[in-house]
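Peer 1: Take a look at the following structure, please.
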Amino acid sequence: MSTPSATAEQTTNDAEEAILARIHAGELIEDMDDLTPRYRAILERTLEIAAQSEVTVLTWAYTAFRVAPDIGAKVAICGTIQDEVGHAHQQGMLFERFGFDMQKVAFEADPRKYWSLPIMEFPVRNYAEFVVSQAFLDRAGRFTTWDIELNCSFAPYRRTLKKVNFEEAYHFRHGSMWTEYYLKQTAETRKLVEDAVRWIFPWGYHWYGRPDDLKGYPDQLNYKVRAWSNDTMRNKWLRSATDFADRVGLDVPAEKDPSTGEYRITDMPYPMTFDAEKHDWEWQETTWDRAIGNFKSGGPMRPACYERLQREEWGDRLW
Ligand SMILES: [Fe+2]
Ligand SMILES: [Fe+2]
């Protein structure tokens, strides 16, 4: 005879097996009441990270506003900030259906504990750096949200990302257009673009975290919250970013192998750590544990940029 807790565990396992069978049969889950504890936890974690990392773009993009060369560029940056607030808002509204308070997650979290990528904590030094970041990093971010729109087993999450992805595509196309413009404008702007690419390109390649063979948790893929693994997304980005660079005549540390059609990095240690004070990469290969530790330490604006989010009315009364 089984104990009550063993019976409860069996019921839970049966429920997980049943939802997995529906998901693997290609069914889209529509009803919140159908979510099992494990499936629900993965969705919550994915949404929390996604919504919070959207707000980390706000203070970063604001540093670009100060260095924008003209009113058109300033308007473009304001548009980006508005869009990113919207991305946090749309994913935040979905997150609230899980019983969380998005205002707290976005604007009242411990400033030292924001989930972010350190590049969002480095001030933008010139406008070329901003458009290069859009060209390469909005392109990187969009693969993560596009995967969910196309493949997520939880249907409401797919719908939430439709407009988000439309805007992310707009951001990286805007950045690509102006990257090409500054690359070809004068020798001086060309140098600004090249320096920015040297700094930004590795952030795109490091965007997706550990390679698949070093990653522990397959649950996101198992429950089809996403379908593309880290390696898959990184390869998609590398192909897209390298094709763009080749098309406009921009040097990046990557190439397409003409015989196999595969893309690979060249002259770029991977993974590597950055030096927050020097505002540069170390340009030396390291271990993933060291790289992840370095990324968690964040950039020079952390935690001040998140304290600022909380002091000012970026999102006050938004939710
Ligand atoms: Fe976004
Ligand atoms: Fe964006």
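Numbering starts fresh at 1 for the residues of each chain in the structure tokens, the chains themselves are lettered A, B, ... in the order given, and ligands are numbered from 1 as they appear.
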Go through region 210-254 of chain A and flag each residue having an atom no more than 12 Å from region 129-143 of chain A; for those, report the closest pair of atoms plus their distance in Å to one decimal, using only C-alpha atoms, ordered by chain and rising number, as a tab-separated table.
Peer 2:
```
residue	atom	partner	partner_atom	distance
A:Arg226	CA	A:Phe143	CA	10.8
A:Ala227	CA	A:Phe143	CA	11.2
A:Trp228	CA	A:Phe143	CA	9.0
A:Ser229	CA	A:Phe143	CA	10.9
A:Asn230	CA	A:Phe143	CA	10.3
A:Asp231	CA	A:Phe143	CA	11.8
A:Thr232	CA	A:Phe143	CA	9.8
A:Met233	CA	A:Phe143	CA	6.4
A:Arg234	CA	A:Ala140	CA	8.1
A:Asn235	CA	A:Phe143	CA	10.4
A:Lys236	CA	A:Phe143	CA	7.8
A:Trp237	CA	A:Ala140	CA	5.9
A:Leu238	CA	A:Ala140	CA	9.0
A:Arg239	CA	A:Ala140	CA	11.1
A:Ser240	CA	A:Arg139	CA	8.2
A:Ala241	CA	A:Phe136	CA	6.4
A:Thr242	CA	A:Phe136	CA	9.7
A:Asp243	CA	A:Phe136	CA	11.5
A:Phe244	CA	A:Ala135	CA	8.9
A:Ala245	CA	A:Phe136	CA	9.7
A:Val248	CA	A:Ala135	CA	12.0
A:Leu250	CA	A:Val132	CA	11.1
A:Val252	CA	A:Phe136	CA	11.0
```
Peer 1: Could those selected residues go to a file with C-alpha atoms, as a tab-separated table (two decimals), in the first residue's frame?
Peer 2:
```tsv
chain	number	residue	atom	x	y	z
A	226	ARG	CA	10.82	26.99	-26.69
A	227	ALA	CA	12.01	24.74	-29.50
A	228	TRP	CA	15.42	26.16	-30.35
A	229	SER	CA	18.34	25.19	-28.10
A	230	ASN	CA	21.11	27.67	-27.23
A	231	ASP	CA	23.32	26.27	-29.98
A	232	THR	CA	20.50	26.44	-32.52
A	233	MET	CA	19.79	30.09	-31.70
A	234	ARG	CA	23.48	31.00	-31.70
A	235	ASN	CA	23.92	29.43	-35.14
A	236	LYS	CA	20.88	31.23	-36.49
A	237	TRP	CA	22.24	34.51	-35.19
A	238	LEU	CA	25.75	33.86	-36.55
A	239	ARG	CA	24.38	33.14	-40.00
A	240	SER	CA	22.12	36.20	-40.01
A	241	ALA	CA	24.75	38.57	-38.54
A	242	THR	CA	27.54	37.36	-40.85
A	243	ASP	CA	25.36	37.61	-43.95
A	244	PHE	CA	24.43	41.16	-43.00
A	245	ALA	CA	28.09	42.10	-42.42
A	248	VAL	CA	27.46	45.80	-46.38
A	250	LEU	CA	31.75	45.11	-42.72
A	252	VAL	CA	33.35	40.64	-38.40
```
Peer 1: What residues have any atom no more than 7 Å from ligand 1 when counting only C-alpha atoms and all ligand atoms, and can you list them as a PyMOL selection string?
Peer 2: chain A and resi 54+83-84+87+164+168
Peer 1: Suppose we keep C-alpha atoms; can you now write the selection as a short mmCIF file (atom, residue, chain, number, x, y, z; two decimals), in the first residue's frame?
Peer 2:
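Wrote part16.cif, looks like this:
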```cif
data_model
loop_
_atom_site.label_atom_id
_atom_site.label_comp_id
_atom_site.auth_asym_id
_atom_site.auth_seq_id
_atom_site.Cartn_x
_atom_site.Cartn_y
_atom_site.Cartn_z
CA GLU A 54 13.12 44.18 -21.30
CA ASP A 83 8.78 49.86 -27.62
CA GLU A 84 10.83 48.20 -24.87
CA HIS A 87 7.61 44.56 -24.47
CA VAL A 164 7.09 42.40 -29.74
CA GLU A 168 12.42 43.84 -32.59
#
```
Peer 1: Rounded to one decimal place, report the CA of Thr189 (chain A)-CA of Pro69 (chain A) distance in Å.
Peer 2: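 Going from CA of Thr189 (chain A) over to CA of Pro69 (chain A) covers 12.1 Å.
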Peer 1: Which is closest to Val57 (chain A) among A:Glu121, A:Glu277, A:Asp246, A:Glu167, if we use only C-alpha atoms?
Peer 2: A:Glu121
Peer 1: Quick one: everything within 9 Å of Leu58 (chain A), counting only C-alpha atoms, minus sequence neighbours fewer than 6 positions away in the same chain. Send it as a list of chain:residue names.
Peer 2: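 So the residues in contact are A:Thr80, A:Ile81, A:Gln82, A:Glu84, A:Val85, A:Met120, A:Leu309, A:Trp314.
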Peer 1: Restricting the calculation to only C-alpha atoms, which member of A:Asn165, A:Thr144, A:Thr186, A:Ser259 is positioned closest to Ala50 (chain A)?
Peer 2: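 That would be A:Thr144, the residue with the smallest distance to Ala50 (chain A).
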